[in-house]
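Trainee: One file is attached below, entry-v6.tsv, containing TSV, C-alpha atoms.
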chain	number	residue	atom	x	y	z
A	89	MET	CA	5.41	11.78	83.97
A	90	GLY	CA	6.37	8.20	83.08
A	91	SER	CA	9.91	6.95	83.28
A	92	LYS	CA	11.99	6.92	80.12
A	93	ARG	CA	14.04	3.98	78.94
A	94	LYS	CA	17.67	4.83	78.87
A	95	ALA	CA	19.40	5.14	75.54
A	96	ASP	CA	21.73	2.25	76.25
A	97	GLU	CA	18.88	-0.15	77.07
A	98	HIS	CA	17.99	-2.12	73.91
A	99	SER	CA	15.98	-5.29	73.50
A	100	SER	CA	17.51	-7.83	71.12
A	101	VAL	CA	15.25	-9.29	68.40
A	102	SER	CA	16.22	-12.41	66.50
A	103	ILE	CA	15.48	-12.51	62.76
A	104	SER	CA	15.12	-15.63	60.66
A	105	ILE	CA	13.86	-16.61	57.18
A	106	ASP	CA	11.57	-19.59	56.77
A	107	SER	CA	11.90	-20.97	53.24
A	108	SER	CA	9.98	-24.16	53.92
A	109	LYS	CA	7.04	-24.96	51.67
A	110	ALA	CA	4.31	-24.71	54.25
A	111	LYS	CA	0.74	-25.56	53.32
A	112	VAL	CA	-0.39	-22.21	54.72
A	113	GLN	CA	1.77	-19.22	53.85
A	114	PRO	CA	1.27	-15.45	53.59
A	115	VAL	CA	0.29	-13.76	50.34
A	116	LEU	CA	0.85	-10.15	49.30
A	117	ALA	CA	-2.28	-8.95	47.51
A	118	THR	CA	-3.51	-5.76	45.87
A	119	PHE	CA	-7.19	-5.13	45.11
A	120	ALA	CA	-8.28	-3.38	41.93
A	121	ALA	CA	-11.71	-2.27	43.09
A	122	ALA	CA	-13.76	-3.66	45.98
A	123	VAL	CA	-11.94	-4.78	49.14
A	124	PRO	CA	-13.23	-7.85	51.03
A	125	PRO	CA	-14.06	-7.77	54.74
A	126	VAL	CA	-11.12	-8.16	57.13
A	127	ALA	CA	-12.20	-11.62	58.29
A	128	SER	CA	-12.59	-13.00	54.78
A	129	GLU	CA	-11.05	-16.38	54.11
A	130	PHE	CA	-9.19	-17.07	50.86
A	131	THR	CA	-8.49	-20.44	49.32
A	132	MET	CA	-5.09	-20.86	47.67
A	133	TYR	CA	-4.37	-23.04	44.66
A	134	ARG	CA	-0.87	-23.85	43.44
A	135	GLY	CA	0.17	-24.85	39.93
A	136	MET	CA	1.13	-28.44	39.19
A	137	GLY	CA	4.51	-29.37	37.75
A	138	ALA	CA	7.92	-27.75	37.89
A	139	GLU	CA	7.10	-25.04	35.33
A	140	LYS	CA	4.05	-23.82	37.25
A	141	SER	CA	5.23	-24.40	40.80
A	142	ASN	CA	5.36	-20.64	41.39
A	143	ASP	CA	1.87	-19.98	39.98
A	144	TYR	CA	-0.79	-19.31	42.61
A	145	ILE	CA	-4.49	-18.51	42.50
A	146	VAL	CA	-6.48	-17.26	45.49
A	147	SER	CA	-10.24	-16.93	45.67
A	148	SER	CA	-12.90	-15.82	48.10
A	149	SER	CA	-16.48	-14.68	47.93
A	150	THR	CA	-19.08	-12.83	49.88
A	151	GLU	CA	-22.83	-12.89	49.42
A	152	LYS	CA	-22.67	-10.56	46.40
A	153	ILE	CA	-19.04	-10.32	45.26
A	154	GLU	CA	-16.48	-12.86	44.18
A	155	PHE	CA	-12.72	-12.18	44.51
A	156	VAL	CA	-10.10	-13.96	42.41
A	157	GLY	CA	-6.37	-13.21	42.32
A	158	GLN	CA	-3.40	-14.77	40.57
A	159	THR	CA	0.36	-14.37	40.34
A	160	PHE	CA	0.50	-14.43	36.54
A	161	ASP	CA	-0.88	-12.60	33.56
A	162	GLY	CA	-1.39	-15.07	30.75
A	163	SER	CA	1.92	-16.90	30.44
A	164	ARG	CA	4.02	-14.24	32.18
A	165	PRO	CA	4.48	-13.67	35.95
A	166	LEU	CA	3.22	-10.39	37.36
A	167	VAL	CA	6.55	-9.66	39.07
A	168	THR	CA	10.03	-10.35	37.68
A	169	GLY	CA	13.42	-9.42	39.10
A	170	CYS	CA	12.42	-9.31	42.78
A	171	LYS	CA	10.76	-11.28	45.58
A	172	TYR	CA	8.51	-10.25	48.42
A	173	LEU	CA	8.91	-11.34	52.08
A	174	ILE	CA	6.42	-10.83	54.89
A	175	GLY	CA	7.70	-10.75	58.46
A	176	VAL	CA	5.73	-12.04	61.50
A	177	TYR	CA	6.72	-10.80	64.93
A	178	ASP	CA	6.40	-13.24	67.84
A	179	ALA	CA	6.19	-11.29	71.10
A	180	THR	CA	6.70	-14.35	73.30
A	181	THR	CA	10.09	-15.18	71.78
A	182	ASP	CA	10.92	-11.63	70.69
A	183	SER	CA	11.69	-12.81	67.15
A	184	VAL	CA	10.73	-11.95	63.57
A	185	THR	CA	10.28	-14.68	60.99
A	186	PHE	CA	10.23	-13.76	57.30
A	187	ARG	CA	8.47	-15.97	54.83
A	188	PRO	CA	8.35	-15.71	51.01
A	189	ALA	CA	5.02	-14.19	49.90
A	190	PRO	CA	3.79	-14.50	46.32
A	191	TYR	CA	2.26	-11.33	44.89
A	192	VAL	CA	-1.28	-11.61	43.54
A	193	ARG	CA	-3.50	-9.07	41.87
A	194	VAL	CA	-7.10	-9.55	42.98
A	195	THR	CA	-10.05	-8.61	40.80
A	196	SER	CA	-13.68	-8.59	41.84
A	197	SER	CA	-16.86	-9.46	39.98
A	198	ILE	CA	-20.51	-9.13	40.91
A	199	LYS	CA	-22.18	-12.52	41.04
A	200	SER	CA	-25.50	-11.37	39.61
A	201	LEU	CA	-23.80	-9.94	36.53
A	202	LYS	CA	-21.60	-13.00	36.20
A	203	ASP	CA	-24.66	-15.24	36.05
A	204	ALA	CA	-26.06	-13.12	33.20
A	205	ARG	CA	-22.96	-13.39	31.01
A	206	GLY	CA	-24.58	-16.13	29.00
A	207	VAL	CA	-26.91	-13.60	27.38
A	208	ALA	CA	-25.81	-12.80	23.83
A	209	ASP	CA	-24.09	-9.45	23.37
A	210	ARG	CA	-26.44	-8.49	20.58
A	211	ASP	CA	-29.41	-8.90	22.94
A	212	ILE	CA	-27.82	-6.38	25.33
A	213	SER	CA	-27.10	-4.06	22.42
A	214	THR	CA	-30.70	-4.42	21.29
A	215	ARG	CA	-32.01	-3.41	24.70
A	216	LEU	CA	-29.65	-0.43	24.83
A	217	MET	CA	-30.71	0.65	21.34
A	218	GLN	CA	-34.37	0.28	22.24
A	219	ALA	CA	-33.94	2.40	25.36
A	220	ARG	CA	-32.07	5.06	23.42
A	221	THR	CA	-34.79	5.07	20.77
A	222	GLU	CA	-37.51	5.51	23.35
A	223	LEU	CA	-35.66	8.42	24.95
A	224	GLY	CA	-35.12	10.01	21.55
A	225	GLU	CA	-38.79	9.67	20.61
A	226	ALA	CA	-39.88	11.16	23.92
A	227	PHE	CA	-37.39	13.97	24.44
A	228	GLY	CA	-35.39	14.30	21.19
A	229	SER	CA	-35.54	17.17	18.76
A	230	LYS	CA	-37.40	16.98	15.47
A	231	LYS	CA	-34.16	16.22	13.65
A	232	ARG	CA	-33.29	13.47	16.12
A	233	ARG	CA	-36.73	11.85	15.78
A	234	ALA	CA	-36.38	11.88	11.99
A	235	GLN	CA	-32.96	10.24	12.34
A	236	ILE	CA	-34.42	7.52	14.59
A	237	ARG	CA	-37.15	6.76	12.04
A	238	ALA	CA	-34.52	6.53	9.28
A	239	GLU	CA	-32.49	4.08	11.40
A	240	GLU	CA	-35.58	1.98	11.97
A	241	ARG	CA	-36.23	1.78	8.23
A	242	ASN	CA	-32.63	0.73	7.55
A	243	LYS	CA	-32.47	-1.80	10.35
A	244	ILE	CA	-31.67	-5.37	9.26
A	245	ASP	CA	-33.76	-8.17	10.70
A	246	MET	CA	-31.05	-10.63	11.78
A	247	ASP	CA	-33.58	-13.37	12.47
A	248	GLY	CA	-34.86	-13.06	8.91
A	249	VAL	CA	-31.33	-13.08	7.56
A	250	LYS	CA	-30.58	-16.27	9.51
A	251	SER	CA	-33.48	-18.04	7.86
A	252	ASP	CA	-32.15	-17.02	4.44
A	253	MET	CA	-28.52	-17.96	5.08
A	254	ALA	CA	-28.74	-21.14	3.03
A	255	VAL	CA	-30.18	-19.25	0.04
A	256	ILE	CA	-27.53	-16.51	0.35
A	257	GLY	CA	-24.74	-19.07	0.61
A	258	ALA	CA	-25.95	-20.93	-2.47
A	259	SER	CA	-26.17	-17.66	-4.42
A	260	ILE	CA	-22.61	-16.71	-3.42
A	261	GLU	CA	-21.27	-20.11	-4.46
A	262	GLN	CA	-23.06	-19.89	-7.79
A	263	ARG	CA	-21.66	-16.45	-8.54
A	264	ALA	CA	-18.18	-17.38	-7.30
A	265	SER	CA	-18.07	-20.38	-9.63
A	266	SER	CA	-18.64	-18.11	-12.64
A	267	MET	CA	-15.93	-15.63	-11.64
A	268	PRO	CA	-12.64	-15.73	-13.59
A	269	SER	CA	-9.65	-17.32	-11.93
A	270	ALA	CA	-6.60	-15.36	-10.77
A	271	GLN	CA	-4.64	-16.64	-13.77
A	272	ALA	CA	-7.42	-15.59	-16.15
A	273	LEU	CA	-7.43	-12.10	-14.65
A	274	LYS	CA	-3.64	-11.92	-14.97
A	275	ASP	CA	-3.79	-13.02	-18.61
A	276	ALA	CA	-6.48	-10.44	-19.37
A	277	GLU	CA	-4.39	-7.75	-17.67
A	278	ASN	CA	-1.34	-8.67	-19.76
A	279	VAL	CA	-3.38	-8.54	-22.98
A	280	ASN	CA	-4.74	-5.09	-22.12
A	281	ARG	CA	-1.39	-3.56	-21.18
A	282	PRO	CA	-0.67	-0.40	-23.25
A	283	VAL	CA	2.76	-1.68	-24.30
A	284	PRO	CA	4.17	-3.15	-27.54
A	285	ARG	CA	4.17	-6.92	-28.09
A	286	TYR	CA	6.67	-8.54	-25.75
A	287	ASN	CA	8.30	-11.85	-24.95
A	288	PRO	CA	7.88	-12.64	-21.23
A	289	GLU	CA	10.38	-15.52	-21.29
A	290	THR	CA	13.56	-14.03	-22.74
A	291	SER	CA	16.32	-12.72	-20.49
A	292	VAL	CA	17.89	-10.55	-23.22
A	293	ALA	CA	16.74	-6.94	-22.99
A	294	ALA	CA	16.91	-6.35	-26.75
A	295	GLU	CA	14.60	-9.30	-27.38
A	296	ILE	CA	11.88	-8.39	-24.90
A	297	TYR	CA	9.89	-5.99	-27.08
A	298	ASP	CA	8.97	-6.54	-30.71
A	299	MET	CA	10.37	-3.43	-32.40
A	300	GLU	CA	8.31	-4.20	-35.50
A	301	ASP	CA	5.28	-3.36	-33.37
A	302	VAL	CA	6.94	-0.16	-32.13
A	303	LEU	CA	7.97	1.07	-35.58
A	304	PRO	CA	6.67	-1.12	-38.42
A	305	ARG	CA	8.89	-1.34	-41.49
A	306	SER	CA	5.94	-0.24	-43.61
A	307	VAL	CA	5.81	3.04	-41.67
A	308	ALA	CA	9.58	3.46	-41.43
A	309	GLY	CA	9.77	3.36	-45.23
A	310	HIS	CA	7.76	6.61	-45.41
A	311	ILE	CA	10.15	8.50	-43.10
A	312	ASN	CA	12.43	10.52	-45.36
A	313	ILE	CA	15.95	10.89	-43.93
A	314	ALA	CA	17.83	11.79	-47.12
A	315	SER	CA	18.02	15.51	-46.33
A	316	LEU	CA	19.31	14.74	-42.82
A	317	THR	CA	22.05	12.32	-43.77
A	318	ALA	CA	23.18	14.46	-46.70
A	319	SER	CA	23.90	17.52	-44.54
A	320	MET	CA	25.75	17.85	-41.23
A	321	ASP	CA	24.37	21.33	-40.58
A	322	PRO	CA	22.29	21.28	-37.31
A	323	GLU	CA	20.01	23.94	-38.75
A	324	VAL	CA	18.90	21.47	-41.43
A	325	TYR	CA	17.58	18.83	-39.09
A	326	LYS	CA	16.01	21.44	-36.81
A	327	SER	CA	13.61	22.30	-39.62
A	328	LYS	CA	12.92	18.61	-40.26
A	329	VAL	CA	12.38	17.56	-36.64
A	330	PRO	CA	9.03	18.66	-35.16
A	331	SER	CA	9.93	17.98	-31.52
A	332	ARG	CA	12.16	20.13	-29.34
A	333	SER	CA	13.20	17.09	-27.33
A	334	LEU	CA	16.70	17.24	-25.86
A	335	PHE	CA	16.89	13.45	-26.07
A	336	VAL	CA	16.10	13.56	-29.81
A	337	LYS	CA	18.64	16.36	-30.32
A	338	LYS	CA	21.37	14.40	-28.53
A	339	LYS	CA	20.69	11.17	-30.42
A	340	LEU	CA	20.50	12.87	-33.85
A	341	GLU	CA	23.77	14.69	-33.27
A	342	HIS	CA	25.42	11.42	-32.25
A	343	LEU	CA	24.09	9.47	-35.24
A	344	LEU	CA	24.80	12.16	-37.84
A	345	SER	CA	28.34	12.58	-36.54
A	346	GLN	CA	29.15	9.04	-37.68
A	347	LEU	CA	30.74	8.34	-41.06
A	348	LYS	CA	27.84	6.06	-42.09
A	349	PRO	CA	24.75	6.71	-39.92
A	350	ASP	CA	22.44	3.75	-39.40
A	351	PRO	CA	19.33	4.60	-41.49
A	352	TYR	CA	16.99	2.58	-39.27
A	353	GLN	CA	18.31	4.29	-36.10
A	354	VAL	CA	17.85	7.71	-37.70
A	355	ARG	CA	14.29	6.79	-38.68
A	356	CYS	CA	13.63	5.62	-35.09
A	357	VAL	CA	14.78	8.99	-33.73
A	358	LEU	CA	12.59	10.86	-36.22
A	359	TYR	CA	9.64	8.61	-35.41
A	360	LEU	CA	10.21	9.37	-31.72
A	361	SER	CA	10.03	13.06	-32.49
A	362	TYR	CA	6.68	12.47	-34.26
A	363	LEU	CA	5.35	10.65	-31.19
A	364	MET	CA	6.47	13.46	-28.89
A	365	ARG	CA	4.85	16.05	-31.10
A	366	LEU	CA	1.66	14.01	-31.24
A	367	ASN	CA	1.70	13.81	-27.44
A	368	MET	CA	1.63	17.62	-27.29
A	369	THR	CA	-1.14	17.91	-29.90
A	370	SER	CA	-4.64	18.67	-28.58
A	371	ASN	CA	-7.83	16.98	-29.76
A	372	LYS	CA	-8.87	20.22	-31.44
A	373	GLN	CA	-5.69	20.14	-33.50
A	374	LEU	CA	-6.19	16.45	-34.33
A	375	ALA	CA	-9.42	17.33	-36.09
A	376	ASN	CA	-7.41	19.06	-38.84
A	377	ARG	CA	-5.47	16.27	-40.56
A	378	GLU	CA	-3.63	18.55	-42.98
A	379	ALA	CA	-2.48	20.79	-40.15
A	380	CYS	CA	-1.20	17.73	-38.27
A	381	ILE	CA	0.82	16.60	-41.30
A	382	LYS	CA	2.40	20.05	-41.49
A	383	SER	CA	2.98	20.24	-37.73
A	384	LEU	CA	4.64	16.82	-37.53
A	385	CYS	CA	6.65	17.34	-40.75
A	386	CYS	CA	5.84	13.80	-41.85
A	387	ALA	CA	4.23	11.92	-44.70
A	388	PRO	CA	0.44	11.36	-44.80
A	389	GLU	CA	1.03	7.58	-44.44
A	390	VAL	CA	2.83	8.19	-41.14
A	391	ILE	CA	-0.03	10.37	-39.83
A	392	ASP	CA	-2.57	7.67	-40.71
A	393	ALA	CA	-0.49	5.04	-38.87
A	394	LEU	CA	-0.19	7.28	-35.80
A	395	PHE	CA	-3.92	8.01	-35.76
A	396	ASP	CA	-4.81	4.33	-36.09
A	397	LYS	CA	-2.56	3.30	-33.19
A	398	PHE	CA	-2.67	6.23	-30.77
A	399	ALA	CA	-6.11	7.81	-31.30
A	400	GLU	CA	-9.73	6.73	-31.55
A	401	CYS	CA	-12.08	7.46	-34.42
A	402	VAL	CA	-15.02	9.68	-33.47
A	403	ALA	CA	-18.12	7.89	-34.72
A	404	GLY	CA	-20.36	9.86	-37.04
A	405	THR	CA	-17.93	12.74	-37.67
A	406	VAL	CA	-15.62	13.46	-40.60
A	407	ASN	CA	-13.18	16.19	-41.56
A	408	PRO	CA	-14.00	18.67	-44.38
A	409	ASP	CA	-11.93	16.54	-46.74
A	410	GLY	CA	-14.05	13.48	-45.91
A	411	SER	CA	-11.40	11.74	-43.75
A	412	PRO	CA	-12.47	10.36	-40.36
A	413	MET	CA	-12.01	12.52	-37.27
A	414	TYR	CA	-9.82	11.23	-34.44
A	415	LYS	CA	-9.32	12.11	-30.80
A	416	LYS	CA	-6.99	11.06	-27.98
A	417	THR	CA	-8.32	9.41	-24.84
A	418	PRO	CA	-6.60	8.72	-21.48
A	419	ALA	CA	-6.03	5.11	-22.61
A	420	THR	CA	-4.46	6.10	-25.94
A	421	GLU	CA	-2.34	8.77	-24.24
A	422	ASN	CA	-0.94	6.17	-21.82
A	423	LYS	CA	-0.22	3.88	-24.74
A	424	LEU	CA	1.55	6.69	-26.59
A	425	VAL	CA	3.86	7.44	-23.64
A	426	CYS	CA	4.60	3.73	-23.13
A	427	TYR	CA	5.60	3.33	-26.80
A	428	MET	CA	7.78	6.44	-26.53
A	429	SER	CA	9.44	5.02	-23.41
A	430	VAL	CA	10.25	1.72	-25.16
A	431	LEU	CA	11.59	3.54	-28.21
A	432	MET	CA	13.81	5.77	-26.04
A	433	LEU	CA	15.09	2.70	-24.17
A	434	SER	CA	15.95	0.96	-27.45
A	435	LEU	CA	17.94	4.01	-28.59
A	436	ASN	CA	19.82	4.24	-25.27
A	437	ASN	CA	20.98	0.65	-24.76
A	438	TRP	CA	17.87	-0.16	-22.66
A	439	VAL	CA	18.74	2.35	-19.94
A	440	LEU	CA	16.86	5.61	-19.47
A	441	TYR	CA	16.91	8.32	-16.85
A	442	PRO	CA	13.44	9.40	-15.71
A	443	ALA	CA	14.72	12.98	-15.74
A	444	GLU	CA	15.04	12.81	-19.54
A	445	LEU	CA	11.51	11.54	-20.04
A	446	ALA	CA	10.11	14.04	-17.53
A	447	GLY	CA	11.96	16.96	-19.14
A	448	ASP	CA	10.91	16.12	-22.69
A	449	LEU	CA	7.26	15.47	-21.85
A	450	GLY	CA	6.90	18.21	-19.24
A	451	ILE	CA	5.68	15.86	-16.52
A	452	PRO	CA	6.79	15.35	-12.87
A	453	GLY	CA	9.68	13.00	-12.25
A	454	LYS	CA	7.54	10.61	-10.20
A	455	LYS	CA	5.09	10.24	-13.08
A	456	ALA	CA	7.97	9.53	-15.47
A	457	GLU	CA	9.22	6.83	-13.08
A	458	LYS	CA	5.73	5.32	-13.03
A	459	PHE	CA	5.58	5.17	-16.84
A	460	LEU	CA	8.98	3.50	-17.02
A	461	ALA	CA	7.98	0.98	-14.37
A	462	SER	CA	4.81	0.22	-16.34
A	463	VAL	CA	6.90	-0.94	-19.31
A	464	GLY	CA	8.85	-3.32	-17.06
A	465	CYS	CA	11.85	-1.21	-16.05
A	466	LYS	CA	13.52	-1.56	-12.69
A	467	LEU	CA	14.44	1.70	-10.99
A	468	GLU	CA	17.97	1.89	-9.60
A	469	THR	CA	19.43	4.64	-7.45
A	470	VAL	CA	22.35	6.56	-8.96
A	471	THR	CA	24.29	9.65	-8.00
A	472	ALA	CA	23.13	13.10	-9.00
A	473	ALA	CA	26.45	13.56	-10.84
A	474	GLU	CA	25.71	10.56	-13.07
A	475	VAL	CA	22.24	11.87	-13.91
A	476	ALA	CA	23.62	15.32	-14.69
A	477	ALA	CA	26.29	13.82	-16.95
A	478	GLN	CA	23.78	11.70	-18.88
A	479	THR	CA	20.91	14.17	-19.24
A	480	LEU	CA	20.76	17.55	-20.92
A	481	ASN	CA	17.81	18.92	-18.95
A	482	LYS	CA	19.56	20.32	-15.85
A	483	ARG	CA	16.31	21.33	-14.14
A	484	THR	CA	14.94	17.78	-13.99
A	485	ALA	CA	18.38	16.16	-13.60
A	486	SER	CA	18.97	18.02	-10.36
A	487	ARG	CA	15.78	16.52	-8.90
A	488	SER	CA	16.29	12.88	-9.82
A	489	GLY	CA	18.73	10.26	-8.58
A	490	LYS	CA	17.39	7.21	-10.40
A	491	LYS	CA	17.74	5.38	-13.67
A	492	ALA	CA	15.39	2.88	-15.29
A	493	VAL	CA	16.89	-0.36	-16.59
A	494	LEU	CA	15.03	-2.93	-18.68
A	495	LYS	CA	16.02	-6.47	-17.76
A	496	GLY	CA	14.62	-9.87	-18.61
A	497	PRO	CA	12.58	-11.80	-17.86
A	498	ILE	CA	10.28	-8.80	-17.79
A	499	LYS	CA	8.09	-8.19	-14.75
A	500	PHE	CA	5.28	-5.67	-14.68
A	501	PRO	CA	4.05	-3.91	-11.53
A	502	LYS	CA	0.79	-5.05	-10.04
A	503	ALA	CA	-2.25	-3.10	-11.18
A	504	SER	CA	-3.30	-0.29	-8.84
A	505	LEU	CA	-6.92	0.37	-7.95
A	506	ARG	CA	-6.23	4.10	-7.92
A	507	GLY	CA	-6.21	6.16	-11.04
A	508	ASN	CA	-3.23	7.97	-12.47
Just dump the structure as C-alpha cells.
Mentor:
Amino acid sequence: MGSKRKADEHSSVSISIDSSKAKVQPVLATFAAAVPPVASEFTMYRGMGAEKSNDYIVSSSTEKIEFVGQTFDGSRPLVTGCKYLIGVYDATTDSVTFRPAPYVRVTSSIKSLKDARGVADRDISTRLMQARTELGEAFGSKKRRAQIRAEERNKIDMDGVKSDMAVIGASIEQRASSMPSAQALKDAENVNRPVPRYNPETSVAAEIYDMEDVLPRSVAGHINIASLTASMDPEVYKSKVPSRSLFVKKKLEHLLSQLKPDPYQVRCVLYLSYLMRLNMTSNKQLANREACIKSLCCAPEVIDALFDKFAECVAGTVNPDGSPMYKKTPATENKLVCYMSVLMLSLNNWVLYPAELAGDLGIPGKKAEKFLASVGCKLETVTAAEVAAQTLNKRTASRSGKKAVLKGPIKFPKASLRGN
C-alpha cells in the first residue's frame, strides 16, 4: 500500500492573469455539428479598428469539411455581460496563468455542397419535383397519378415566360396608362355616395348638407300639418303619423308644445316618419301604390317623390291603375337610411345617438354606427347615463356608449371591399 501525503502537506501554486495582446491566444469554441480532429489547426482573424477590436473569426478545414467560427452574430456579440478565461498550468514552475479567451461558435459546411451553391434554387426544386413525379407515376395510387397529370397540365414554362416578358411588360404599361387616377377614383366615389348633396369645404355643420335635397320645398308643401298644429292632443298626431318611431314621437311632442311651432320643422318630422315607414315597407307592398298612400298617411305627390328617389322602376311592369311599379334595391335602401340619418341629425342639432337610430330601425347598434359614419359623422364615446338620458329606447341605450357628431369639413370613411 502506497504512502499517503499528510493532510498538512500542501504544494503552493501561484496564479496570475496575462492580459497582454499576444499574437497567439486561446479561444473557447463550441461546435454545432461536426467536430474537427484534435490536431486541427485554426487560423484566427481579428477585426480592424477600435469598434471591431473584439471581433474574431477562426477557420480551419479538412479534406471534406470546412469549419468557420466567429464571436459575433451580425452586429451583436455572441456573449454580453461576462468574459471567459482559460488557465494553463505550468508543471515546471507550479503556476497557473489565465488568459482572456474569446468565445466563438463554430459551424461546419461540406465543401462539395458549398461548391454547388451557385446552382439556381429553381433548378434544385425542378429536380426534386421531377423525382417526386417519377415516384408518384411508378408507385402512386390512381388518384395520385391523376393529380400528377393535372399538375403537369397546369405547369408554367418559365423559359417561355421569360421570352415573353417584354410583351407582357408592354401590355401592362398600356393597360396601366388607361386606368383612372387615384383622384379620379375618389371623385367617382364621392359622386356615387348615397348621401344628399354636400359642401366638402364648409366647417359649419348646418351648411354641410343641402336640406333642399333632403326635403324639397315642392314636396314639403304637400305635407299637411294643419290638423297637428291645431290640436295638442297626442292621440291626434298618432293617427296622422305612420311611424312608431320614438325619435319622431319625442320631436313632435317638443315642437307641438311650443306656442308657435315651426311649420318647416314639423314637416321635417312628418317626412322622417314617412321615410321610416317606407323603410319597413316590402317590395310586395310597394307594388300597390294606393295601399302605400294609405299606409304612409301622405299625399300622392309625396309618394311619387319617395318612389322616384328611394326606389327603382321595374321595367315592363305597371300597376292595375296604369302607374309604374317600383321596388327597393340594396343601393336604394342604403340611400334611404342615409337620408334618414341626415334628417335626424338636422332635427337634433347635428348630434345623434346610434342607439336611437338602431332602436327605430330595428338594426344592431354597430350597423347604426356604420350608417352614421357613412354620412360623415365622427363617433365619440359617452357615458351610458348620457345615452339613457337622451334616448327613449332603453334596450338599445343600455348597449351603446357612443354618440355621432357631424363636424366640418366633412370626411367620409374609406370604401370597404367587403359588403355590408
Trainee: Work out how far apart atom CA of A:Glu421 and atom CA of A:Phe398 are and give it in Å to one decimal.
Mentor: 7.0 Å
Trainee: Which value, in Å to one decimal, gives the distance between atom CA of A:Ser100 and atom CA of A:Thr181?
Mentor: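 Computed distance, atom CA of A:Ser100 to atom CA of A:Thr181, equals 10.5 Å.
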Trainee: Enumerate, as a count of residues only, the protein, DNA and RNA residues whose atoms approach (3.9, 16.6, -41.2) to within 12 Å, taking into account only C-alpha atoms and the coordinate frame of the file.
Mentor: 33
Trainee: Go through A:Ser102, A:Thr405, A:Ser108, A:Ser197 and flag the residue nearest A:Ser148, using all atoms listed in the file for the distances.
Mentor: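 Among the listed residues, A:Ser197 lies closest to A:Ser148.
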Trainee: I need the residue nearest A:Lys397 from this list: A:Phe227, A:Leu316, A:Lys454, A:Val283. Use all atoms listed in the file for the distance.
Mentor: A:Val283
Trainee: To one decimal place in Å, what is the distance between atom CA of A:Arg187 and atom CA of A:Ala121?
Mentor: 27.1 Å
